[in-house]
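Enquirer: Take a look at the following structure, please.
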Amino acid sequence: MRTLAVTGIFCSTFAMTAAAGMPPQPGVTLEPHRAVYDLTLAWASGQSGIEGLHGRFVYSFTGAPCEGYVTEMRMVTDIAREHGAMVTDQTSSSFEDLEKGAFSFSSKMFADYNLQSETAGEANRAADHKIAVKLGDQNPFDIGKAQFPTEYLANVLDAAAAGKHVYEAASFDGSGEEVMRAVTLIGDREKGVGSGPDQWPVTTAYFPIATHDGDQTPDYTVSMLLAENGVSRDLLMDFGNFKMAGHLDKLEMLDPAACEGLPTTAASQR
């Protein structure tokens with residue numbers, strides 16, 4: 001299972017595709033916040049073996065354009081299966097500097113309290129816009145041109161504010177070595193909750209970068225109500241043979257960074 005990223009579906013005649021490797025400078029203001037979501041099983045196929053699911057997803061977003069953004073996530077799920085329950089615990093931390101084109105990341109995945117996988121690395125965009133990735137002690141390797149997660153999110157919001165209905169770009173989030181093709185379908189603008197900011201229903205589908213067939217099934221999709229300040233509600237994560245819903249339970253807006261030093265996480269210190 002992959003964590004939220006975060007940060008579409010298809011079929012629109014009003015498509016906006018980013019020039020590969022040369023993303024526009026985002027004009028939106030992403031507001032620091034901490035959100036807690038209750039997770040439940042929305043649907044499961046008979047082949048999945050999943051009979052029930054509940055959990056919590058905690059998402060923290062801090063920083064500012066002047067010093068970069070930090071994203072920290074933890075997702076814990078208790079999954080009821082035909083042959084016994086399983087508890088998964090995923091954590092991830094990343095630091096992203098949109099201006100410098102730098103991205104560092106780390107993640108761990110536990111199943112029944114046993115470590116299943118661990119990833120740490122960094123990616124940097126060169127003058128030719130190509131990205132070099134270094135994982136652990138491995139030698140750097142080139143993944144071509146792509147956008148990082150916060151960069152992609154900001155550009156989706158820019159497209160939504162401009163009245164566009166589709167945004168598409170190559171995306172690299174550090175959850176694997178491959179670049180994905182991300183396609184986001186953007187619905188009509190909606191009034192925010194109470195006096196909150198306006199929002200859009202969006203769905204993002206992730207495909208292998210070499211796939212361009214419109215009938216190809218995405219690796220996974222994420223749907224949500226995305227507010228113009230970057231806060232997400234009503235999550236729906238589709239992993240193919242099961243779907244997981246996330247209801248926003250708690251939201252705390254945080255103070256913007258003072259730009260007096262880099263945010264500190266395990267990822268940003270790499």
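Residues are referred to by chain and number: the chain letter is A, B, ... according to the order shown in the structure tokens, the number counts from 1 in that chain, and ligands are numbered separately from 1 in the order shown.
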List every residue of range 94-223 of chain A that DSSP, applied to the backbone of this structure, assigns to strand (DSSP E), and report them as a VMD selection string.

Expert: chain A and resid 94 to 97 102 to 111 114 to 125 131 to 135 141 to 144 166 to 171 180 to 186 199 to 208 220 to 223

Enquirer: What are the closest atom pairs, with distances in Å to one decimal, for all residues of range 73-141 of chain A lying within 10 Å of range 150-163 of chain A? Consider only C-alpha atoms, order rows by chain and residue number, and present the result as a tab-separated table.

Expert:
residue	atom	partner	partner_atom	distance
A:Ser94	CA	A:Thr150	CA	9.9
A:Phe95	CA	A:Thr150	CA	9.5
A:Glu96	CA	A:Thr150	CA	7.2
A:Asp97	CA	A:Glu151	CA	8.9
A:Leu98	CA	A:Glu151	CA	6.4
A:Glu99	CA	A:Glu151	CA	9.7
A:Gly101	CA	A:Glu151	CA	9.3
A:Phe103	CA	A:Thr150	CA	9.8

Enquirer: Which range 70-108 of chain A residues have any atom within 12 Å of an atom of range 166-187 of chain A, and for each, what is the nearest pair of atoms with distance in Å to one decimal, counting only C-alpha atoms, rows sorted by chain and number, as a Markdown table?

Expert:
| residue | atom | partner | partner_atom | distance |
| --- | --- | --- | --- | --- |
| A:Thr71 | CA | A:Asp173 | CA | 11.4 |
| A:Gln90 | CA | A:Ser175 | CA | 11.4 |
| A:Thr91 | CA | A:Ser175 | CA | 11.3 |
| A:Ser92 | CA | A:Ser175 | CA | 9.2 |
| A:Ser93 | CA | A:Gly174 | CA | 10.1 |
| A:Ser94 | CA | A:Gly174 | CA | 8.8 |
| A:Phe95 | CA | A:Asp173 | CA | 11.1 |
| A:Glu96 | CA | A:Asp173 | CA | 10.5 |
| A:Ala102 | CA | A:Phe172 | CA | 11.8 |
| A:Phe103 | CA | A:Gly174 | CA | 8.7 |
| A:Ser104 | CA | A:Gly174 | CA | 8.1 |
| A:Phe105 | CA | A:Gly174 | CA | 6.3 |
| A:Ser106 | CA | A:Gly174 | CA | 7.9 |
| A:Ser107 | CA | A:Ser175 | CA | 7.8 |
| A:Lys108 | CA | A:Ser175 | CA | 10.1 |

Enquirer: Residues near Gly240 in chain A, anyone? I mean within 7 Å using only C-alpha atoms, not counting same-chain ones fewer than 2 positions away, as a PyMOL selection string.

Expert: chain A and resi 220+238+242

Enquirer: Write out the residues from the selection above, keeping N, CA and C atoms, as a PDB file, in the first residue's frame.

Expert:
ATOM      1  N   TYR A 220      -2.919   3.486  -8.940  1.00  0.00           N
ATOM      2  CA  TYR A 220      -3.824   3.855  -7.855  1.00  0.00           C
ATOM      3  C   TYR A 220      -4.356   5.256  -8.120  1.00  0.00           C
ATOM      4  N   ASP A 238      -8.051   4.677  -3.885  1.00  0.00           N
ATOM      5  CA  ASP A 238      -8.426   3.483  -4.627  1.00  0.00           C
ATOM      6  C   ASP A 238      -7.165   2.723  -5.022  1.00  0.00           C
ATOM      7  N   PHE A 242      -9.324  -2.656  -3.440  1.00  0.00           N
ATOM      8  CA  PHE A 242     -10.056  -2.101  -2.302  1.00  0.00           C
ATOM      9  C   PHE A 242      -9.918  -0.583  -2.304  1.00  0.00           C
TER      10      PHE A 242
END

Enquirer: Which residue is closest to Thr204 in chain A? Choose from A:Thr217, A:Ser223, A:Gln147, A:Ser117 and count only C-alpha atoms.

Expert: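 When distances to Thr204 in chain A are compared using only C-alpha atoms, the smallest one comes from A:Ser223.
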
Enquirer: For Met75 in chain A, which residue out of A:Ala126, A:Met244, A:Met253, A:Ala205 is the nearest one, using only C-alpha atoms?

Expert: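 Counting only C-alpha atoms, the residue closest to Met75 in chain A is A:Met244.
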
Enquirer: Show me, as a PyMOL selection string, the residues that have an atom within 8 Å of range 54-60 of chain A when counting only C-alpha atoms, minus same-chain residues fewer than 5 positions from it.

Expert: chain A and resi 32-41+70-79+246

Enquirer: Rounded to one decimal, what separation in Å do you get between CA of Pro218 in chain A and CA of Asp234 in chain A?

Expert: 20.5 Å

Enquirer: Run DSSP on the backbone and grab whatever in range 81-249 of chain A lands in alpha helix (DSSP H); send it over as a list in words.

Expert: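 Alpha helix (DSSP H) members of range 81-249 of chain A, listed: Pro149, Thr150, Glu151, Tyr152, Leu153, Ala154, Asn155, Val156, Leu157, Asp158, Ala159, Ala160 and Ala161 of chain A.
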
Enquirer: Using only C-alpha atoms, pick whichever of A:Met237, A:Pro256, A:Trp200, A:Leu135 has the shortest atom-to-atom distance to Glu67 in chain A.

Expert: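 Among the listed residues, the smallest separation from Glu67 in chain A belongs to A:Pro256.
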
Enquirer: Quick one: of A:Ala227, A:Asp128, A:His165, A:Val222, who's nearest to Gly192 in chain A, counting only C-alpha atoms?

Expert: A:Ala227

Enquirer: To one decimal place in Å, what is the distance between CA of Leu254 in chain A and CA of Thr29 in chain A?

Expert: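 These atoms are spaced 13.5 Å apart.
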
Enquirer: Taking into account only C-alpha atoms, which residue in the set A:Phe141, A:Gly196, A:Gly63, A:Met86 is nearest to Glu51 in chain A?

Expert: A:Met86

Enquirer: For CA of Leu225 in chain A and CA of Val202 in chain A, quote the distance in Å rounded to one decimal.

Expert: 6.3 Å
